[in-house]
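To start, the structure itself, in structure tokens.
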Amino acid sequence: MSSARATADAGASVPTGTRRAYRDTQEPILGGVAAGLARHLGFPVLWVRAGFVLAALLGGFGIALYAGLWWMLPSDQRFETAAPGIESASRGGRRPGRIRRLGDVGPAIALAALGFGGILLLEAVLGRGAVFWPLVMGIVGVALLWRQADEAQRERWLDGTGRIEPMRVVFGNGGWASYARVAAGVGLIVMALVLYSAHGGSISLARDIIVAALLTVVGLAIVIGPWVYRLAADLSDERAERVRTQERADVAAHLHDSVLQTLALIQKNADDGATVARLARAQERDLRGWLYAGESTDERTVASALRGAAARTEDEYGVSVEVVNVGDCDVDEGLRPIVHATGEAVTNAAKHAGTGKVDVYAEITDGAVDVFVRDRGRGFDLSTVPADRYGVRNSIIDRMQRHGGSAEVRSEPGDGTEVRLHLARQPRQEDDHE
Amino acid sequence: MSEQRGPVGIVIVDDHAMFRRGVRAELETVGRGLVDVRAEAADVDEAIAAVTQHRPQVVLLDVHLPGGGGVEVMRRMTLTGASPDTRYLALSVSDAAEDVIGTIRGGARGYVTKTITGPELVQAIGRVAEGDAVFSPRLAGFVLDAFSGSIDVAAVDEDLDRLTEREREVMRLIARGYAYKEVAKELFISIKTVETHMSSVLRKLQLSSRHELTRWASDRRLL
């Protein structure tokens, strides 16, 4: 969303303590390490991926590095917050999920083909090694298990109830994909061990190692298992409780500040239809911004400044102004005239058009800002406007021309009015001279 | 349209009983003779049952629904194939771009907000029933945003770079609040052509995954 992106950009320019790297869990090919690293370092993700592949040729250094980073880097999922209404609807399962497409499978298929080709190539170069195949299978198995751990972890974060159950720790929310991953991972590792012991490596040694390892794990589990389980249960209970409390507090605070106050005002003004409509409209705008879009109405970006101007006109004149914007950028001195001219045009429409509705469309590209303000009111004939009336001429047309833009007013009596504003955006360095 | 088909049969799907009642009352007064409300449903399962049983021409579909949202209803109806001619009109209070475009990509023929007036809603239902797309100015804005890459389409979907200049112009005028017939007048084309452009925008939004995979593979010389 444009406003969210603008905030993120603004946040990036302000130094905020330490910058941390995360794994990108949105579009992972393996574990999202390369994507996350690319975002952190500011390189194209292709370079990072190529770097890993090249480094992998240096005696597998790249692979080890990738695995190490996968292990060490936290994933970014838990740091994302959406608007409360969206989050609540997601938790309740009332939102459309991400549509999985065959296209998403493409990278995985290519990766598998690439990996298989690499193995064949290595085999051709190195000859058939007894250790080689088991090693590859083992690595693939471990990678699969790890991938599943990612999935399970992510689902745990997304899950609001916060209970930690052994099954869910391993399988997440289930589904054939996760069962298949775990089964394939375990199978591959076991097969690798079997292959290894069958080729040269002595079976009895491998068996002894496995038995010893298993015994150690079982022993540890018996000793500290109950304690770990209790701790985990306590932790998850506490976390769930904290999340619940915070959510309640957020919602309560917002309802108190906005909806309750408005309802009280509406009760007092129940006879005054215009006031009730105005209050309801303002409240709807506010609540909608809070729940869904997170759209601000401050003066920081062009879109939010236009929304702010529209909101003020709505409140003042009791009309509804719908703002649609495409693209966004920060407000600088060069762009302020078009914001003011838009405000003036919207106010004119609200005052004179005599209809309850004004449409504002703003298109902000790298080269220019275009704004269209349209109403379907009574319209007027521009040539009959007396020369001593300055509203349109001064605040809209002249203002835009003074600042290197243009304005056009198209109006026909009975057919409504449209004001078209156009302003080219100056290159960055010229802003300082203004 | 030329043939007289009588009132358009519709099913209202929304999890808020009060809202359903409001829409129904509105449609029964404003849309008398034009719209016939056959059933209501409150969640995905009820919606499936209602659509399968009543076979409406148009389903008014809320985006946020218990059981997976409006997209799930369309997906499962497509799977069962019980009522293939039914069209879906998303009626939502949500302004989030990913909800709106996600629903359109899921197969809805249009999107209107819940603040829409009764007559406008009746008109929108009529247009969807005739096979046309309904774009509100806001939806047109989202579409332009999605195709220009300035909203985060990772959450919606990728591969959205192919609107023709004409389609873009049409969407721009719709976003500016023009009605279809005003768009036609402004661009010196017929209303039918405007509707064709809208339908092809819709088709591009719902672009099938097969195309995407083929393109992806041929870009990388895998084919």
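Going by the structure tokens order, chains are called A, B, ..., each with residues numbered from 1, while ligands are numbered from 1 in the order shown.
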
DSSP strand (DSSP E) residues within stretch 17-122 of chain B, as a ChimeraX atom specification: /B:35-41,58-61,87-92,110-113

Please, could you write that set of residues out with N, CA, C and O atoms as a tab-separated table (two decimals), in the first residue's frame?
chain	number	residue	atom	x	y	z
B	35	VAL	N	-35.01	-7.00	-8.94
B	35	VAL	CA	-34.15	-7.88	-8.16
B	35	VAL	C	-35.01	-8.78	-7.29
B	35	VAL	O	-35.99	-8.33	-6.71
B	36	ASP	N	-34.66	-10.05	-7.23
B	36	ASP	CA	-35.42	-11.00	-6.43
B	36	ASP	C	-34.46	-11.68	-5.46
B	36	ASP	O	-33.64	-12.50	-5.86
B	37	VAL	N	-34.54	-11.29	-4.18
B	37	VAL	CA	-33.64	-11.87	-3.19
B	37	VAL	C	-34.12	-13.26	-2.84
B	37	VAL	O	-35.20	-13.43	-2.27
B	38	ARG	N	-33.33	-14.27	-3.20
B	38	ARG	CA	-33.79	-15.65	-3.01
B	38	ARG	C	-33.36	-16.23	-1.69
B	38	ARG	O	-34.05	-17.08	-1.13
B	39	ALA	N	-32.18	-15.85	-1.20
B	39	ALA	CA	-31.73	-16.43	0.06
B	39	ALA	C	-30.65	-15.55	0.67
B	39	ALA	O	-30.10	-14.67	0.02
B	40	GLU	N	-30.35	-15.84	1.95
B	40	GLU	CA	-29.24	-15.17	2.62
B	40	GLU	C	-28.32	-16.23	3.20
B	40	GLU	O	-28.74	-17.35	3.45
B	41	ALA	N	-27.05	-15.88	3.40
B	41	ALA	CA	-26.13	-16.82	4.02
B	41	ALA	C	-25.15	-16.05	4.87
B	41	ALA	O	-24.82	-14.90	4.57
B	58	VAL	N	-26.78	-13.61	-9.55
B	58	VAL	CA	-25.74	-12.79	-8.94
B	58	VAL	C	-25.68	-13.08	-7.44
B	58	VAL	O	-26.71	-13.24	-6.79
B	59	VAL	N	-24.47	-13.21	-6.90
B	59	VAL	CA	-24.28	-13.34	-5.46
B	59	VAL	C	-23.62	-12.06	-4.94
B	59	VAL	O	-22.58	-11.66	-5.45
B	60	LEU	N	-24.28	-11.43	-3.97
B	60	LEU	CA	-23.65	-10.29	-3.30
B	60	LEU	C	-22.76	-10.86	-2.22
B	60	LEU	O	-23.23	-11.46	-1.26
B	61	LEU	N	-21.45	-10.66	-2.36
B	61	LEU	CA	-20.52	-11.44	-1.56
B	61	LEU	C	-19.67	-10.53	-0.69
B	61	LEU	O	-18.99	-9.64	-1.19
B	87	ARG	N	-22.72	-15.18	-11.14
B	87	ARG	CA	-21.66	-14.18	-11.07
B	87	ARG	C	-21.61	-13.57	-9.68
B	87	ARG	O	-22.60	-13.55	-8.97
B	88	TYR	N	-20.43	-13.08	-9.32
B	88	TYR	CA	-20.23	-12.60	-7.95
B	88	TYR	C	-19.90	-11.12	-7.95
B	88	TYR	O	-19.06	-10.66	-8.71
B	89	LEU	N	-20.59	-10.39	-7.08
B	89	LEU	CA	-20.32	-8.97	-6.91
B	89	LEU	C	-19.88	-8.76	-5.47
B	89	LEU	O	-20.63	-9.02	-4.54
B	90	ALA	N	-18.63	-8.33	-5.30
B	90	ALA	CA	-18.12	-8.14	-3.94
B	90	ALA	C	-18.70	-6.86	-3.35
B	90	ALA	O	-18.71	-5.82	-3.99
B	91	LEU	N	-19.21	-6.99	-2.13
B	91	LEU	CA	-19.83	-5.87	-1.45
B	91	LEU	C	-19.14	-5.79	-0.11
B	91	LEU	O	-19.39	-6.59	0.77
B	92	SER	N	-18.22	-4.86	0.04
B	92	SER	CA	-17.37	-4.94	1.22
B	92	SER	C	-17.19	-3.59	1.88
B	92	SER	O	-17.30	-2.55	1.25
B	110	GLY	N	-16.97	-7.65	-9.90
B	110	GLY	CA	-16.99	-6.24	-9.56
B	110	GLY	C	-16.85	-6.07	-8.07
B	110	GLY	O	-16.84	-7.04	-7.31
B	111	TYR	N	-16.74	-4.82	-7.68
B	111	TYR	CA	-16.56	-4.53	-6.27
B	111	TYR	C	-17.22	-3.21	-5.95
B	111	TYR	O	-16.95	-2.21	-6.62
B	112	VAL	N	-18.11	-3.19	-4.99
B	112	VAL	CA	-18.69	-1.92	-4.54
B	112	VAL	C	-18.60	-1.86	-3.02
B	112	VAL	O	-18.53	-2.89	-2.35
B	113	THR	N	-18.56	-0.66	-2.48
B	113	THR	CA	-18.47	-0.52	-1.03
B	113	THR	C	-19.86	-0.51	-0.41
B	113	THR	O	-20.86	-0.29	-1.10

Near-B:Arg109 list (10 Å; only C-alpha atoms; drop same-chain fewer than 6 positions) as number ranges by chain: B: 58, 87-90, 103, 127-129, 131-135, 199, 202-203

I need the chosen residues saved as a compact mmCIF listing (two decimals), in the first residue's frame, with N, CA, C and O atoms.
# COMPACT_ATOMS: atom_id res chain seq x y z
N VAL B 58 -26.78 -13.61 -9.55
CA VAL B 58 -25.74 -12.79 -8.94
C VAL B 58 -25.68 -13.08 -7.44
O VAL B 58 -26.71 -13.24 -6.79
N ARG B 87 -22.72 -15.18 -11.14
CA ARG B 87 -21.66 -14.18 -11.07
C ARG B 87 -21.61 -13.57 -9.68
O ARG B 87 -22.60 -13.55 -8.97
N TYR B 88 -20.43 -13.08 -9.32
CA TYR B 88 -20.23 -12.60 -7.95
C TYR B 88 -19.90 -11.12 -7.95
O TYR B 88 -19.06 -10.66 -8.71
N LEU B 89 -20.59 -10.39 -7.08
CA LEU B 89 -20.32 -8.97 -6.91
C LEU B 89 -19.88 -8.76 -5.47
O LEU B 89 -20.63 -9.02 -4.54
N ALA B 90 -18.63 -8.33 -5.30
CA ALA B 90 -18.12 -8.14 -3.94
C ALA B 90 -18.70 -6.86 -3.35
O ALA B 90 -18.71 -5.82 -3.99
N THR B 103 -10.00 -10.38 -4.11
CA THR B 103 -11.34 -10.88 -4.39
C THR B 103 -11.62 -10.85 -5.89
O THR B 103 -12.21 -11.77 -6.45
N ARG B 127 -25.94 -4.81 -14.03
CA ARG B 127 -24.83 -4.83 -14.98
C ARG B 127 -24.03 -6.14 -14.85
O ARG B 127 -23.63 -6.73 -15.86
N VAL B 128 -23.83 -6.58 -13.62
CA VAL B 128 -23.10 -7.83 -13.43
C VAL B 128 -23.89 -9.00 -14.01
O VAL B 128 -23.32 -9.89 -14.64
N ALA B 129 -25.22 -8.94 -13.82
CA ALA B 129 -26.06 -10.02 -14.35
C ALA B 129 -25.95 -10.12 -15.85
O ALA B 129 -26.05 -11.20 -16.43
N GLY B 131 -23.34 -9.62 -17.49
CA GLY B 131 -22.01 -10.10 -17.87
C GLY B 131 -20.94 -9.04 -17.87
O GLY B 131 -19.79 -9.30 -18.22
N ASP B 132 -21.29 -7.80 -17.49
CA ASP B 132 -20.28 -6.75 -17.50
C ASP B 132 -19.59 -6.64 -16.15
O ASP B 132 -20.06 -7.18 -15.15
N ALA B 133 -18.49 -5.92 -16.15
CA ALA B 133 -17.75 -5.70 -14.91
C ALA B 133 -18.20 -4.39 -14.28
O ALA B 133 -18.60 -3.47 -14.98
N VAL B 134 -18.16 -4.33 -12.97
CA VAL B 134 -18.50 -3.10 -12.26
C VAL B 134 -17.28 -2.62 -11.50
O VAL B 134 -16.81 -3.27 -10.56
N PHE B 135 -16.78 -1.49 -11.89
CA PHE B 135 -15.62 -0.91 -11.20
C PHE B 135 -16.04 0.39 -10.52
O PHE B 135 -16.49 1.30 -11.19
N SER B 199 -13.84 -5.51 -19.20
CA SER B 199 -13.78 -6.97 -19.08
C SER B 199 -12.36 -7.47 -19.30
O SER B 199 -11.92 -8.43 -18.65
N LEU B 202 -10.33 -6.93 -16.28
CA LEU B 202 -10.70 -7.97 -15.32
C LEU B 202 -10.00 -9.28 -15.65
O LEU B 202 -9.47 -9.97 -14.78
N ARG B 203 -9.99 -9.62 -16.94
CA ARG B 203 -9.38 -10.87 -17.35
C ARG B 203 -7.88 -10.86 -17.04
O ARG B 203 -7.31 -11.84 -16.59

Neighbour list for A:Val339 as an NGL selection string, cut-off 9 Å, only C-alpha atoms, skip fewer than 4 positions in-chain: :A and (302 or 305-306 or 309 or 331 or 335 or 343-344 or 371)

Taking only stretch 43-143 of chain B into account, list the residues labelled alpha helix (DSSP H) by DSSP (computed from the backbone), as a JSON list (two decimals) with C-alpha atoms, in the first residue's frame.
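Okay, this is what ended up in selection02.json:
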[["chain", "number", "residue", "atom", "x", "y", "z"],
["B", 44, "VAL", "CA", -18.92, -19.98, 3.54],
["B", 45, "ASP", "CA", -20.75, -23.26, 4.07],
["B", 46, "GLU", "CA", -24.18, -21.65, 4.14],
["B", 47, "ALA", "CA", -23.27, -19.66, 1.03],
["B", 48, "ILE", "CA", -22.28, -22.81, -0.85],
["B", 49, "ALA", "CA", -25.52, -24.49, 0.15],
["B", 50, "ALA", "CA", -27.64, -21.47, -0.75],
["B", 51, "VAL", "CA", -26.00, -20.90, -4.13],
["B", 52, "THR", "CA", -26.19, -24.59, -5.01],
["B", 53, "GLN", "CA", -29.86, -24.75, -4.08],
["B", 54, "HIS", "CA", -31.14, -21.45, -5.53],
["B", 69, "GLY", "CA", -13.68, -15.27, 3.05],
["B", 70, "GLY", "CA", -15.51, -14.57, -0.16],
["B", 71, "VAL", "CA", -12.69, -15.98, -2.24],
["B", 72, "GLU", "CA", -13.26, -19.39, -0.65],
["B", 73, "VAL", "CA", -16.92, -19.34, -1.68],
["B", 74, "MET", "CA", -15.99, -18.67, -5.31],
["B", 75, "ARG", "CA", -13.22, -21.27, -5.25],
["B", 76, "ARG", "CA", -15.44, -24.01, -3.88],
["B", 77, "MET", "CA", -18.32, -23.16, -6.18],
["B", 78, "THR", "CA", -15.95, -23.41, -9.14],
["B", 79, "LEU", "CA", -14.76, -26.79, -7.87],
["B", 80, "THR", "CA", -18.24, -28.22, -7.46],
["B", 97, "ALA", "CA", -6.15, -3.04, -1.59],
["B", 98, "GLU", "CA", -5.13, -6.66, -1.14],
["B", 99, "ASP", "CA", -8.64, -7.68, -0.05],
["B", 100, "VAL", "CA", -10.24, -5.88, -2.94],
["B", 101, "ILE", "CA", -7.88, -7.03, -5.68],
["B", 102, "GLY", "CA", -7.57, -10.48, -4.12],
["B", 103, "THR", "CA", -11.34, -10.88, -4.39],
["B", 104, "ILE", "CA", -11.39, -9.68, -7.99],
["B", 105, "ARG", "CA", -8.58, -12.11, -8.79],
["B", 118, "GLY", "CA", -29.79, 1.48, -3.10],
["B", 119, "PRO", "CA", -30.39, 2.55, -6.74],
["B", 120, "GLU", "CA", -26.67, 2.32, -7.52],
["B", 121, "LEU", "CA", -26.56, -1.18, -6.05],
["B", 122, "VAL", "CA", -29.55, -2.28, -8.12],
["B", 123, "GLN", "CA", -27.85, -0.87, -11.21],
["B", 124, "ALA", "CA", -24.59, -2.65, -10.38],
["B", 125, "ILE", "CA", -26.42, -5.95, -9.90],
["B", 126, "GLY", "CA", -28.11, -5.51, -13.25],
["B", 127, "ARG", "CA", -24.83, -4.83, -14.98],
["B", 128, "VAL", "CA", -23.10, -7.83, -13.43],
["B", 129, "ALA", "CA", -26.06, -10.02, -14.35],
["B", 137, "PRO", "CA", -13.62, 4.70, -8.75],
["B", 138, "ARG", "CA", -11.74, 3.27, -5.81],
["B", 139, "LEU", "CA", -11.34, -0.13, -7.41],
["B", 140, "ALA", "CA", -10.14, 1.52, -10.62],
["B", 141, "GLY", "CA", -7.54, 3.36, -8.53],
["B", 142, "PHE", "CA", -6.37, 0.10, -6.95],
["B", 143, "VAL", "CA", -6.14, -1.53, -10.36]]

Minimum-distance residue to chain B, chosen among A:Ala213, A:Val125, A:Ala280, A:Ala311 (using only C-alpha atoms): A:Ala280

Contacts of A:Val321 within 8 Å, only C-alpha atoms, excl. fewer than 5 positions in-chain, as a VMD selection string: chain A and resid 310 to 311 313 to 314 357 to 360

Residues from last step as file, N, CA and C atoms, as a compact mmCIF listing (two decimals), in the first residue's frame:
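Generated file (again.txt):
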# COMPACT_ATOMS: atom_id res chain seq x y z
N ALA A 310 -9.58 16.85 1.89
CA ALA A 310 -10.92 16.32 1.62
C ALA A 310 -11.70 16.13 2.92
N ALA A 311 -11.02 15.61 3.95
CA ALA A 311 -11.69 15.37 5.23
C ALA A 311 -12.17 16.69 5.83
N THR A 313 -12.98 19.42 4.23
CA THR A 313 -14.15 19.89 3.48
C THR A 313 -15.39 19.10 3.85
N GLU A 314 -15.23 17.76 3.99
CA GLU A 314 -16.36 16.93 4.38
C GLU A 314 -16.98 17.44 5.68
N LYS A 357 -21.72 15.11 -3.39
CA LYS A 357 -20.62 14.20 -3.64
C LYS A 357 -19.58 14.83 -4.55
N VAL A 358 -18.31 14.70 -4.18
CA VAL A 358 -17.20 15.20 -4.99
C VAL A 358 -16.20 14.06 -5.15
N ASP A 359 -15.72 13.85 -6.37
CA ASP A 359 -14.69 12.84 -6.61
C ASP A 359 -13.34 13.51 -6.82
N VAL A 360 -12.33 13.02 -6.10
CA VAL A 360 -10.98 13.54 -6.30
C VAL A 360 -10.11 12.36 -6.75

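Across the model, the gap from atom CA of A:His340 to atom CA of A:Ala303 is 12.6 Å.
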
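Here atom CA of A:Val217 and atom CA of A:Tyr229 stand 15.4 Å from one another.
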